[in-house]
There are 2 protein chains.
Amino acid sequence: MSETENGNSTLRGNKLFGALDEGELERLRPHLEVVALELKQVLYEADKPIEYVYFPIDSVSSVIATMEDGQAVEVGTIGNEGMTGLPVFLGAKTAPLTSFCQIPGKAIRMASESLRAEVVPGSRLHELLQRHTEATFVFAAQSSACNRLHSVEQRAARWLLHTHDRVDGGEFALTQEFLSQMLGVRRASVSAAAGALQGEGLIAYSRGNVRVLDRAGLEARTCECYRVIRREFDRMIGD
Amino acid sequence: MSETENGNSTLRGNKLFGALDEGELERLRPHLEVVALELKQVLYEADKPIEYVYFPIDSVSSVIATMEDGQAVEVGTIGNEGMTGLPVFLGAKTAPLTSFCQIPGKAIRMASESLRAEVVPGSRLHELLQRHTEATFVFAAQSSACNRLHSVEQRAARWLLHTHDRVDGGEFALTQEFLSQMLGVRRASVSAAAGALQGEGLIAYSRGNVRVLDRAGLEARTCECYRVIRREFDRMIGD
DNA sequence: CCCCTTCCGTACGGTGACGTACATAGAAAT
DNA sequence: ATTTCTATGTACGTCACCGTACGGAAGGGG
């Protein structure tokens, strides 16, 4: 990646860096590198060392819990509001769960040791990462309840909204097969849910591409869990 | 609570304090108070300030996500291996979720400001709480997947095992009604699941009291999620 | 151009859990 | 002892989602 892409305006594409003052950003800059993440690129595998943390710019990453029989369910997503590799921030050397890139794009990469050495208690980024840790926990907690109580269609709408919040243009690559794995349901169930949402003109999709047509309509169709999580993430940077 | 109950042997009943050296424990002691928590005593309410954090000794607390219609699902439990009020550790002043006491007993209480002032980066307790934060996240994440993929009976068995790990004597108060709320299912579903487990001689219960008769048998009946979570919590103190 | 792969629609029987409701039995209260 | 309350057993119809399977349609590569 060339040095020109390492400019402040690019770095500030991640909201955490966007909230830093010039001095702190300059201080960290030597430790940062903008990289491109490819679809389904694995960032961490369970129980393996975490070499880098990533601050997404226009990419989105997923954290998934994998069962012994291979079944997997998404338990968290990280976009330009956060950082992947939170366990490093919490002092761990290995990842507890698997992570991979869900929407390809750019991200800011930082070595785990640099994060530990440079992002010291008292710094603004340290404080932001603490808030981000809490927001990520709330995401997992609310999703847990949501998985228990709400329908496939509501959860699918929620997933689409979370992703829509993090990409430009309101359109992104997504197959029903992929979404079914994220939600932990059959593809056929996603087909039914997506068909219903499309039938109401809320989304349009074809051959692995989705476009959100009516955000407000989608929000009306999903459960309150979207609002709860969204509010928590907004609060993270806001105050 | 009398001063005699504030002795080191009592304090070390919480594993976090049990892992501290004498010096650090002495330093913190003036800020600690042993209190009794009653069944269903509310510790935190969503969006309200957190005044104290609690380090359970022989009590167990639950964190629950509550929906607008009043439905609630447990998203985390904390026993003598941890601390309630993690958001304080992460810099928040208000609780994102509701917490209450699930198994009555003793806990060490500490004012939120004391935690912030005394548990400084670099201290042993600070490091332990970082690990605990990660373990709590893994708990929520694995539960999320578990809620999606596993049966009521498996989840009920997991809940019983988690609680059994944290109480003395292998017996504790628990009604089917209460467990059904924790799991987010009908009481009738719990009745069926519990009846099956009792029929196989794994547990015995009667009028709000449960006794675990066959731990190994229960572990064989639950899903892998129990082992994953248990391992994460063991690792927290171990290394 | 045709093949082949990917992606999506749909169907069918099966089932676990749902909402609801009622009955019983032990414990507590009077 | 009788009543009252709480905890548990159980039943019935309903439904969302499951596992599986097959066919069609859209694109990509040869």
# chains A, B, ... in the order shown; residues from 1 in each chain; ligands from 1
>>> interface_residues(of="chain D", to="chain A", cutoff="12 Å", atoms="only C-alpha atoms (C1' of nucleotides)", output="list of chain:residue names")
D:DC15, D:DA16, D:DC17, D:DC18, D:DG19, D:DT20, D:DA21, D:DA25, D:DA26, D:DG27
>>> select_by_dssp(residues="stretch 35-102 of chain B", states="helix (DSSP H, G or I)", output="PyMOL selection string")
chain B and resi 86-89
>>> write_last_selection(atoms="all heavy atoms", output="CSV table (one decimal), in the first residue's frame")
chain,number,residue,atom,x,y,z
B,86,LEU,N,-19.2,-4.6,35.1
B,86,LEU,CA,-18.1,-4.4,34.2
B,86,LEU,C,-18.1,-3.1,33.5
B,86,LEU,O,-17.0,-2.5,33.2
B,86,LEU,CB,-18.0,-5.6,33.2
B,86,LEU,CG,-17.2,-6.8,33.5
B,86,LEU,CD1,-17.1,-7.7,32.4
B,86,LEU,CD2,-15.8,-6.3,33.9
B,87,PRO,N,-19.2,-2.5,33.1
B,87,PRO,CA,-19.2,-1.3,32.4
B,87,PRO,C,-18.5,-0.2,33.2
B,87,PRO,O,-17.8,0.7,32.5
B,87,PRO,CB,-20.7,-0.9,32.3
B,87,PRO,CG,-21.4,-2.2,32.2
B,87,PRO,CD,-20.6,-3.1,33.1
B,88,VAL,N,-18.5,-0.2,34.5
B,88,VAL,CA,-17.7,0.7,35.3
B,88,VAL,C,-16.2,0.6,34.9
B,88,VAL,O,-15.5,1.6,34.7
B,88,VAL,CB,-17.9,0.5,36.8
B,88,VAL,CG1,-16.9,1.4,37.6
B,88,VAL,CG2,-19.3,0.8,37.2
B,89,PHE,N,-15.8,-0.6,34.9
B,89,PHE,CA,-14.4,-0.9,34.5
B,89,PHE,C,-14.1,-0.4,33.1
B,89,PHE,O,-12.9,0.0,32.8
B,89,PHE,CB,-14.1,-2.4,34.6
B,89,PHE,CG,-12.7,-2.8,34.2
B,89,PHE,CD1,-11.7,-2.5,35.0
B,89,PHE,CD2,-12.5,-3.6,33.1
B,89,PHE,CE1,-10.4,-2.9,34.7
B,89,PHE,CE2,-11.2,-4.0,32.8
B,89,PHE,CZ,-10.1,-3.6,33.6
>>> calpha_fit_and_write(fixed="chain A", moving="chain B", output="mmCIF file with C-alpha atoms, in the first residue's frame")
data_model
loop_
_atom_site.group_PDB
_atom_site.id
_atom_site.type_symbol
_atom_site.label_atom_id
_atom_site.label_comp_id
_atom_site.auth_asym_id
_atom_site.auth_seq_id
_atom_site.Cartn_x
_atom_site.Cartn_y
_atom_site.Cartn_z
ATOM 1 C CA MET B 1 0.038 0.021 0.008
ATOM 2 C CA SER B 2 1.507 3.389 -0.985
ATOM 3 C CA GLU B 3 2.240 6.204 1.442
ATOM 4 C CA THR B 4 -0.318 8.456 -0.135
ATOM 5 C CA GLU B 5 -3.069 6.215 1.104
ATOM 6 C CA ASN B 6 -1.781 6.613 4.594
ATOM 7 C CA GLY B 7 -2.941 10.235 4.764
ATOM 8 C CA ASN B 8 -4.964 11.594 7.622
ATOM 9 C CA SER B 9 -8.135 11.887 5.601
ATOM 10 C CA THR B 10 -7.989 8.167 4.862
ATOM 11 C CA LEU B 11 -7.216 7.279 8.454
ATOM 12 C CA ARG B 12 -10.115 9.359 9.684
ATOM 13 C CA GLY B 13 -12.398 7.127 7.618
ATOM 14 C CA ASN B 14 -12.449 4.990 10.726
ATOM 15 C CA LYS B 15 -14.534 6.763 13.331
ATOM 16 C CA LEU B 16 -12.168 5.937 16.167
ATOM 17 C CA PHE B 17 -9.318 7.695 14.426
ATOM 18 C CA GLY B 18 -11.762 10.345 13.301
ATOM 19 C CA ALA B 19 -12.309 11.260 16.934
ATOM 20 C CA LEU B 20 -8.615 11.743 17.734
ATOM 21 C CA ASP B 21 -6.838 15.082 17.799
ATOM 22 C CA GLU B 22 -4.047 15.817 15.336
ATOM 23 C CA GLY B 23 -1.303 15.148 17.833
ATOM 24 C CA GLU B 24 -2.419 11.676 18.773
ATOM 25 C CA LEU B 25 -3.052 10.719 15.178
ATOM 26 C CA GLU B 26 0.429 11.886 14.187
ATOM 27 C CA ARG B 27 1.933 9.951 17.046
ATOM 28 C CA LEU B 28 0.221 6.747 15.966
ATOM 29 C CA ARG B 29 0.676 7.176 12.237
ATOM 30 C CA PRO B 30 4.037 5.386 11.992
ATOM 31 C CA HIS B 31 2.350 2.279 13.370
ATOM 32 C CA LEU B 32 -0.540 2.287 10.930
ATOM 33 C CA GLU B 33 -0.877 0.846 7.494
ATOM 34 C CA VAL B 34 -3.881 0.937 5.192
ATOM 35 C CA VAL B 35 -4.583 -2.482 3.715
ATOM 36 C CA ALA B 36 -7.259 -4.003 1.517
ATOM 37 C CA LEU B 37 -9.319 -6.843 2.963
ATOM 38 C CA GLU B 38 -10.813 -9.374 0.609
ATOM 39 C CA LEU B 39 -14.157 -11.060 0.891
ATOM 40 C CA LYS B 40 -13.986 -13.989 3.312
ATOM 41 C CA GLN B 41 -10.365 -13.268 4.191
ATOM 42 C CA VAL B 42 -9.768 -14.805 7.602
ATOM 43 C CA LEU B 43 -8.453 -12.337 10.150
ATOM 44 C CA TYR B 44 -8.289 -14.565 13.225
ATOM 45 C CA GLU B 45 -8.787 -18.197 14.007
ATOM 46 C CA ALA B 46 -9.890 -19.436 17.403
ATOM 47 C CA ASP B 47 -6.967 -20.108 19.753
ATOM 48 C CA LYS B 48 -4.397 -18.755 17.364
ATOM 49 C CA PRO B 49 -2.240 -15.676 17.955
ATOM 50 C CA ILE B 50 -3.498 -12.266 16.929
ATOM 51 C CA GLU B 51 -0.796 -10.519 14.940
ATOM 52 C CA TYR B 52 -2.661 -7.419 13.879
ATOM 53 C CA VAL B 53 -5.729 -5.475 14.819
ATOM 54 C CA TYR B 54 -7.807 -3.819 12.071
ATOM 55 C CA PHE B 55 -9.744 -0.576 12.069
ATOM 56 C CA PRO B 56 -12.197 -0.897 9.147
ATOM 57 C CA ILE B 57 -12.674 2.070 6.828
ATOM 58 C CA ASP B 58 -15.168 0.787 4.293
ATOM 59 C CA SER B 59 -14.815 -2.911 5.013
ATOM 60 C CA VAL B 60 -16.924 -4.896 7.470
ATOM 61 C CA SER B 61 -15.778 -7.906 9.472
ATOM 62 C CA SER B 62 -17.635 -10.656 11.277
ATOM 63 C CA VAL B 63 -16.921 -12.573 14.438
ATOM 64 C CA ILE B 64 -18.390 -16.059 14.430
ATOM 65 C CA ALA B 65 -18.782 -18.846 16.945
ATOM 66 C CA THR B 66 -18.140 -22.232 15.385
ATOM 67 C CA MET B 67 -19.468 -25.505 16.758
ATOM 68 C CA GLU B 68 -17.680 -28.824 16.617
ATOM 69 C CA ASP B 69 -19.947 -30.038 13.828
ATOM 70 C CA GLY B 70 -19.037 -27.024 11.713
ATOM 71 C CA GLN B 71 -22.190 -25.008 12.246
ATOM 72 C CA ALA B 72 -21.373 -21.353 12.712
ATOM 73 C CA VAL B 73 -23.293 -18.309 13.840
ATOM 74 C CA GLU B 74 -22.252 -14.716 13.650
ATOM 75 C CA VAL B 75 -21.909 -13.165 17.078
ATOM 76 C CA GLY B 76 -20.593 -9.744 16.183
ATOM 77 C CA THR B 77 -19.818 -7.410 13.303
ATOM 78 C CA ILE B 78 -17.313 -4.593 13.158
ATOM 79 C CA GLY B 79 -17.307 -1.700 10.729
ATOM 80 C CA ASN B 80 -15.808 1.757 10.559
ATOM 81 C CA GLU B 81 -17.051 2.536 14.056
ATOM 82 C CA GLY B 82 -14.700 0.034 15.667
ATOM 83 C CA MET B 83 -11.753 -2.302 15.713
ATOM 84 C CA THR B 84 -11.325 -6.019 15.206
ATOM 85 C CA GLY B 85 -9.118 -7.896 17.638
ATOM 86 C CA LEU B 86 -10.517 -6.496 20.869
ATOM 87 C CA PRO B 87 -8.946 -9.359 22.843
ATOM 88 C CA VAL B 88 -5.568 -7.740 22.205
ATOM 89 C CA PHE B 89 -6.840 -4.613 23.884
ATOM 90 C CA LEU B 90 -7.876 -6.789 26.816
ATOM 91 C CA GLY B 91 -4.452 -8.310 27.138
ATOM 92 C CA ALA B 92 -5.010 -11.616 25.355
ATOM 93 C CA LYS B 93 -2.528 -13.004 22.876
ATOM 94 C CA THR B 94 -4.848 -15.452 21.142
ATOM 95 C CA ALA B 95 -8.276 -15.011 19.607
ATOM 96 C CA PRO B 96 -11.200 -16.661 21.395
ATOM 97 C CA LEU B 97 -13.274 -16.723 18.211
ATOM 98 C CA THR B 98 -12.915 -16.747 14.442
ATOM 99 C CA SER B 99 -13.116 -13.522 12.459
ATOM 100 C CA PHE B 100 -13.224 -12.848 8.742
ATOM 101 C CA CYS B 101 -14.013 -10.132 6.260
ATOM 102 C CA GLN B 102 -17.681 -9.899 5.378
ATOM 103 C CA ILE B 103 -17.652 -6.846 3.098
ATOM 104 C CA PRO B 104 -14.373 -6.241 1.279
ATOM 105 C CA GLY B 105 -12.698 -2.867 1.481
ATOM 106 C CA LYS B 106 -9.983 -0.917 3.231
ATOM 107 C CA ALA B 107 -8.922 -1.139 6.846
ATOM 108 C CA ILE B 108 -6.145 0.331 8.964
ATOM 109 C CA ARG B 109 -3.818 -2.357 10.219
ATOM 110 C CA MET B 110 -1.763 -2.105 13.378
ATOM 111 C CA ALA B 111 0.514 -4.686 14.951
ATOM 112 C CA SER B 112 -0.778 -6.114 18.217
ATOM 113 C CA GLU B 113 2.411 -5.080 20.019
ATOM 114 C CA SER B 114 2.052 -1.542 18.734
ATOM 115 C CA LEU B 115 -1.469 -1.368 20.073
ATOM 116 C CA ARG B 116 -0.302 -2.526 23.470
ATOM 117 C CA ALA B 117 2.668 -0.194 23.487
ATOM 118 C CA GLU B 118 1.130 2.944 22.017
ATOM 119 C CA VAL B 119 -2.480 2.924 23.060
ATOM 120 C CA VAL B 120 -1.811 3.593 26.706
ATOM 121 C CA PRO B 121 -4.356 4.182 29.464
ATOM 122 C CA GLY B 122 -5.356 7.797 29.516
ATOM 123 C CA SER B 123 -5.047 8.320 25.791
ATOM 124 C CA ARG B 124 -8.131 9.193 23.814
ATOM 125 C CA LEU B 125 -7.965 6.053 21.697
ATOM 126 C CA HIS B 126 -7.706 3.936 24.819
ATOM 127 C CA GLU B 127 -10.860 5.527 26.156
ATOM 128 C CA LEU B 128 -12.642 5.028 22.846
ATOM 129 C CA LEU B 129 -11.665 1.383 22.753
ATOM 130 C CA GLN B 130 -13.041 0.905 26.232
ATOM 131 C CA ARG B 131 -16.361 2.264 25.066
ATOM 132 C CA HIS B 132 -16.149 0.129 21.986
ATOM 133 C CA THR B 133 -15.610 -2.937 24.145
ATOM 134 C CA GLU B 134 -18.790 -2.206 26.004
ATOM 135 C CA ALA B 135 -20.735 -1.590 22.795
ATOM 136 C CA THR B 136 -19.476 -4.872 21.366
ATOM 137 C CA PHE B 137 -20.612 -6.645 24.498
ATOM 138 C CA VAL B 138 -24.052 -5.094 24.234
ATOM 139 C CA PHE B 139 -24.182 -6.184 20.613
ATOM 140 C CA ALA B 140 -23.497 -9.795 21.583
ATOM 141 C CA ALA B 141 -25.879 -9.681 24.515
ATOM 142 C CA GLN B 142 -28.765 -8.181 22.573
ATOM 143 C CA SER B 143 -28.147 -10.580 19.694
ATOM 144 C CA SER B 144 -28.319 -13.447 22.122
ATOM 145 C CA ALA B 145 -31.771 -12.400 23.259
ATOM 146 C CA CYS B 146 -32.777 -11.618 19.689
ATOM 147 C CA ASN B 147 -31.779 -15.078 18.525
ATOM 148 C CA ARG B 148 -34.045 -16.466 21.183
ATOM 149 C CA LEU B 149 -37.089 -14.294 20.662
ATOM 150 C CA HIS B 150 -37.353 -12.921 17.147
ATOM 151 C CA SER B 151 -38.178 -14.291 13.720
ATOM 152 C CA VAL B 152 -35.817 -14.987 10.856
ATOM 153 C CA GLU B 153 -37.294 -12.100 8.918
ATOM 154 C CA GLN B 154 -36.718 -9.660 11.760
ATOM 155 C CA ARG B 155 -33.170 -10.847 12.225
ATOM 156 C CA ALA B 156 -32.455 -10.724 8.517
ATOM 157 C CA ALA B 157 -33.737 -7.148 8.380
ATOM 158 C CA ARG B 158 -31.539 -6.268 11.343
ATOM 159 C CA TRP B 159 -28.492 -7.735 9.681
ATOM 160 C CA LEU B 160 -29.163 -5.778 6.510
ATOM 161 C CA LEU B 161 -29.551 -2.571 8.491
ATOM 162 C CA HIS B 162 -26.332 -3.053 10.436
ATOM 163 C CA THR B 163 -24.450 -3.635 7.203
ATOM 164 C CA HIS B 164 -26.179 -0.812 5.382
ATOM 165 C CA ASP B 165 -25.002 1.538 8.135
ATOM 166 C CA ARG B 166 -21.431 0.671 7.322
ATOM 167 C CA VAL B 167 -21.157 0.706 3.571
ATOM 168 C CA ASP B 168 -21.316 3.525 1.057
ATOM 169 C CA GLY B 169 -24.028 3.686 -1.521
ATOM 170 C CA GLY B 170 -26.494 1.383 0.148
ATOM 171 C CA GLU B 171 -25.560 -1.564 -2.035
ATOM 172 C CA PHE B 172 -23.344 -4.514 -1.245
ATOM 173 C CA ALA B 173 -22.548 -8.083 -2.207
ATOM 174 C CA LEU B 174 -24.541 -10.687 -0.316
ATOM 175 C CA THR B 175 -25.829 -14.109 -1.233
ATOM 176 C CA GLN B 176 -28.679 -15.819 0.562
ATOM 177 C CA GLU B 177 -26.336 -18.682 1.267
ATOM 178 C CA PHE B 178 -23.947 -16.374 3.075
ATOM 179 C CA LEU B 179 -26.641 -14.611 5.057
ATOM 180 C CA SER B 180 -28.114 -17.940 6.086
ATOM 181 C CA GLN B 181 -24.765 -18.920 7.600
ATOM 182 C CA MET B 182 -24.498 -15.618 9.450
ATOM 183 C CA LEU B 183 -27.976 -15.977 10.892
ATOM 184 C CA GLY B 184 -27.581 -19.674 11.557
ATOM 185 C CA VAL B 185 -30.653 -20.695 9.545
ATOM 186 C CA ARG B 186 -31.441 -22.560 6.318
ATOM 187 C CA ARG B 187 -30.918 -20.796 3.055
ATOM 188 C CA ALA B 188 -34.548 -21.552 2.245
ATOM 189 C CA SER B 189 -35.571 -19.544 5.297
ATOM 190 C CA VAL B 190 -33.541 -16.590 4.101
ATOM 191 C CA SER B 191 -35.077 -16.958 0.665
ATOM 192 C CA ALA B 192 -38.541 -16.631 2.164
ATOM 193 C CA ALA B 193 -37.616 -13.705 4.387
ATOM 194 C CA ALA B 194 -35.749 -11.854 1.664
ATOM 195 C CA GLY B 195 -38.541 -12.507 -0.785
ATOM 196 C CA ALA B 196 -41.029 -10.924 1.590
ATOM 197 C CA LEU B 197 -38.854 -7.864 2.124
ATOM 198 C CA GLN B 198 -38.349 -7.494 -1.609
ATOM 199 C CA GLY B 199 -42.045 -7.959 -2.255
ATOM 200 C CA GLU B 200 -42.735 -4.942 -0.087
ATOM 201 C CA GLY B 201 -40.180 -2.852 -1.930
ATOM 202 C CA LEU B 202 -37.831 -2.533 1.045
ATOM 203 C CA ILE B 203 -34.859 -4.130 -0.671
ATOM 204 C CA ALA B 204 -33.887 -5.286 -4.137
ATOM 205 C CA TYR B 205 -31.498 -8.128 -4.779
ATOM 206 C CA SER B 206 -30.306 -10.284 -7.571
ATOM 207 C CA ARG B 207 -27.568 -12.847 -7.858
ATOM 208 C CA GLY B 208 -25.557 -11.879 -4.812
ATOM 209 C CA ASN B 209 -26.149 -8.159 -4.761
ATOM 210 C CA VAL B 210 -28.456 -6.359 -2.358
ATOM 211 C CA ARG B 211 -29.662 -2.796 -2.407
ATOM 212 C CA VAL B 212 -31.591 -1.172 0.392
ATOM 213 C CA LEU B 213 -34.479 0.794 -1.084
ATOM 214 C CA ASP B 214 -36.434 1.820 1.984
ATOM 215 C CA ARG B 215 -34.472 2.178 5.201
ATOM 216 C CA ALA B 216 -37.389 3.399 7.250
ATOM 217 C CA GLY B 217 -39.468 0.503 6.031
ATOM 218 C CA LEU B 218 -36.764 -1.974 6.981
ATOM 219 C CA GLU B 219 -36.486 -0.451 10.433
ATOM 220 C CA ALA B 220 -40.210 -0.843 10.860
ATOM 221 C CA ARG B 221 -39.945 -4.519 9.954
ATOM 222 C CA THR B 222 -37.064 -5.443 12.222
ATOM 223 C CA CYS B 223 -37.127 -5.827 15.984
ATOM 224 C CA GLU B 224 -36.181 -3.289 18.624
ATOM 225 C CA CYS B 225 -32.772 -4.967 18.878
ATOM 226 C CA TYR B 226 -31.543 -2.901 15.965
ATOM 227 C CA ARG B 227 -32.352 0.351 17.723
ATOM 228 C CA VAL B 228 -30.851 -0.807 21.019
ATOM 229 C CA ILE B 229 -27.568 -1.742 19.364
ATOM 230 C CA ARG B 230 -27.455 1.255 17.105
ATOM 231 C CA ARG B 231 -28.023 3.577 20.035
ATOM 232 C CA GLU B 232 -25.218 1.945 21.972
ATOM 233 C CA PHE B 233 -22.795 2.382 19.099
ATOM 234 C CA ASP B 234 -23.830 5.983 18.539
ATOM 235 C CA ARG B 235 -23.294 6.747 22.207
ATOM 236 C CA MET B 236 -19.838 5.284 21.973
ATOM 237 C CA ILE B 237 -18.417 8.079 19.865
ATOM 238 C CA GLY B 238 -20.904 10.778 20.686
ATOM 239 C CA ASP B 239 -20.184 11.302 24.334
#
>>> atom_distance(atom1="atom C1' of D:DT3", atom2="atom C1' of C:DA28")
10.3 Å
>>> residues_around(residues="D:DA11", least_positions_apart="6", cutoff="12 Å", atoms="only C-alpha atoms (C1' of nucleotides)", output="PyMOL selection string")
(chain B and resi 188) or (chain C and resi 20-23)
>>> write_last_selection(atoms="N, CA and C atoms (P, O5', C5', C4', C3', O3' and C1' of nucleotides)", output="mmCIF file, in the first residue's frame")
data_model
loop_
_atom_site.group_PDB
_atom_site.id
_atom_site.type_symbol
_atom_site.label_atom_id
_atom_site.label_comp_id
_atom_site.auth_asym_id
_atom_site.auth_seq_id
_atom_site.Cartn_x
_atom_site.Cartn_y
_atom_site.Cartn_z
ATOM 1 N N ALA B 188 -43.657 -24.604 30.682
ATOM 2 C CA ALA B 188 -43.988 -25.977 30.292
ATOM 3 C C ALA B 188 -42.801 -26.650 29.590
ATOM 4 P P DT C 20 -51.324 -16.488 24.959
ATOM 5 O "O5'" DT C 20 -52.210 -17.693 25.511
ATOM 6 C "C5'" DT C 20 -52.920 -18.517 24.593
ATOM 7 C "C4'" DT C 20 -53.537 -19.684 25.309
ATOM 8 C "C3'" DT C 20 -54.056 -19.393 26.722
ATOM 9 O "O3'" DT C 20 -55.458 -19.532 26.736
ATOM 10 C "C1'" DT C 20 -52.917 -21.473 26.606
ATOM 11 P P DA C 21 -56.326 -19.085 28.008
ATOM 12 O "O5'" DA C 21 -57.044 -20.451 28.407
ATOM 13 C "C5'" DA C 21 -56.900 -21.611 27.579
ATOM 14 C "C4'" DA C 21 -56.808 -22.845 28.443
ATOM 15 C "C3'" DA C 21 -57.323 -22.669 29.869
ATOM 16 O "O3'" DA C 21 -58.498 -23.461 30.031
ATOM 17 C "C1'" DA C 21 -55.279 -23.911 29.806
ATOM 18 P P DC C 22 -59.425 -23.298 31.324
ATOM 19 O "O5'" DC C 22 -59.072 -24.620 32.140
ATOM 20 C "C5'" DC C 22 -59.084 -25.870 31.457
ATOM 21 C "C4'" DC C 22 -58.363 -26.916 32.287
ATOM 22 C "C3'" DC C 22 -58.762 -26.941 33.766
ATOM 23 O "O3'" DC C 22 -59.079 -28.265 34.126
ATOM 24 C "C1'" DC C 22 -56.433 -26.930 33.548
ATOM 25 P P DA C 23 -59.825 -28.585 35.497
ATOM 26 O "O5'" DA C 23 -58.842 -29.679 36.116
ATOM 27 C "C5'" DA C 23 -58.276 -30.678 35.274
ATOM 28 C "C4'" DA C 23 -57.125 -31.341 35.997
ATOM 29 C "C3'" DA C 23 -57.380 -31.572 37.492
ATOM 30 O "O3'" DA C 23 -56.916 -32.849 37.874
ATOM 31 C "C1'" DA C 23 -55.410 -30.311 37.195
#
>>> atom_distance(atom1="atom C1' of C:DT5", atom2="atom C1' of D:DG24")
13.7 Å
>>> interface_residues(of="chain C", to="chain B", cutoff="12 Å", atoms="only C-alpha atoms (C1' of nucleotides)", output="PyMOL selection string")
chain C and resi 15-21+25-27
>>> atom_distance(atom1="atom C1' of D:DG30", atom2="atom C1' of C:DC7")
21.1 Å
>>> select_by_dssp(residues="stretch 68-236 of chain B", states="strand (DSSP E)", output="JSON, numbers by chain")
{"B": [72, 73, 74, 75, 76, 77, 78, 98, 99, 100, 101, 102, 103, 105, 106, 107, 108, 109, 110, 111, 171, 172, 173, 203, 204, 205, 206, 209, 210, 211, 212]}
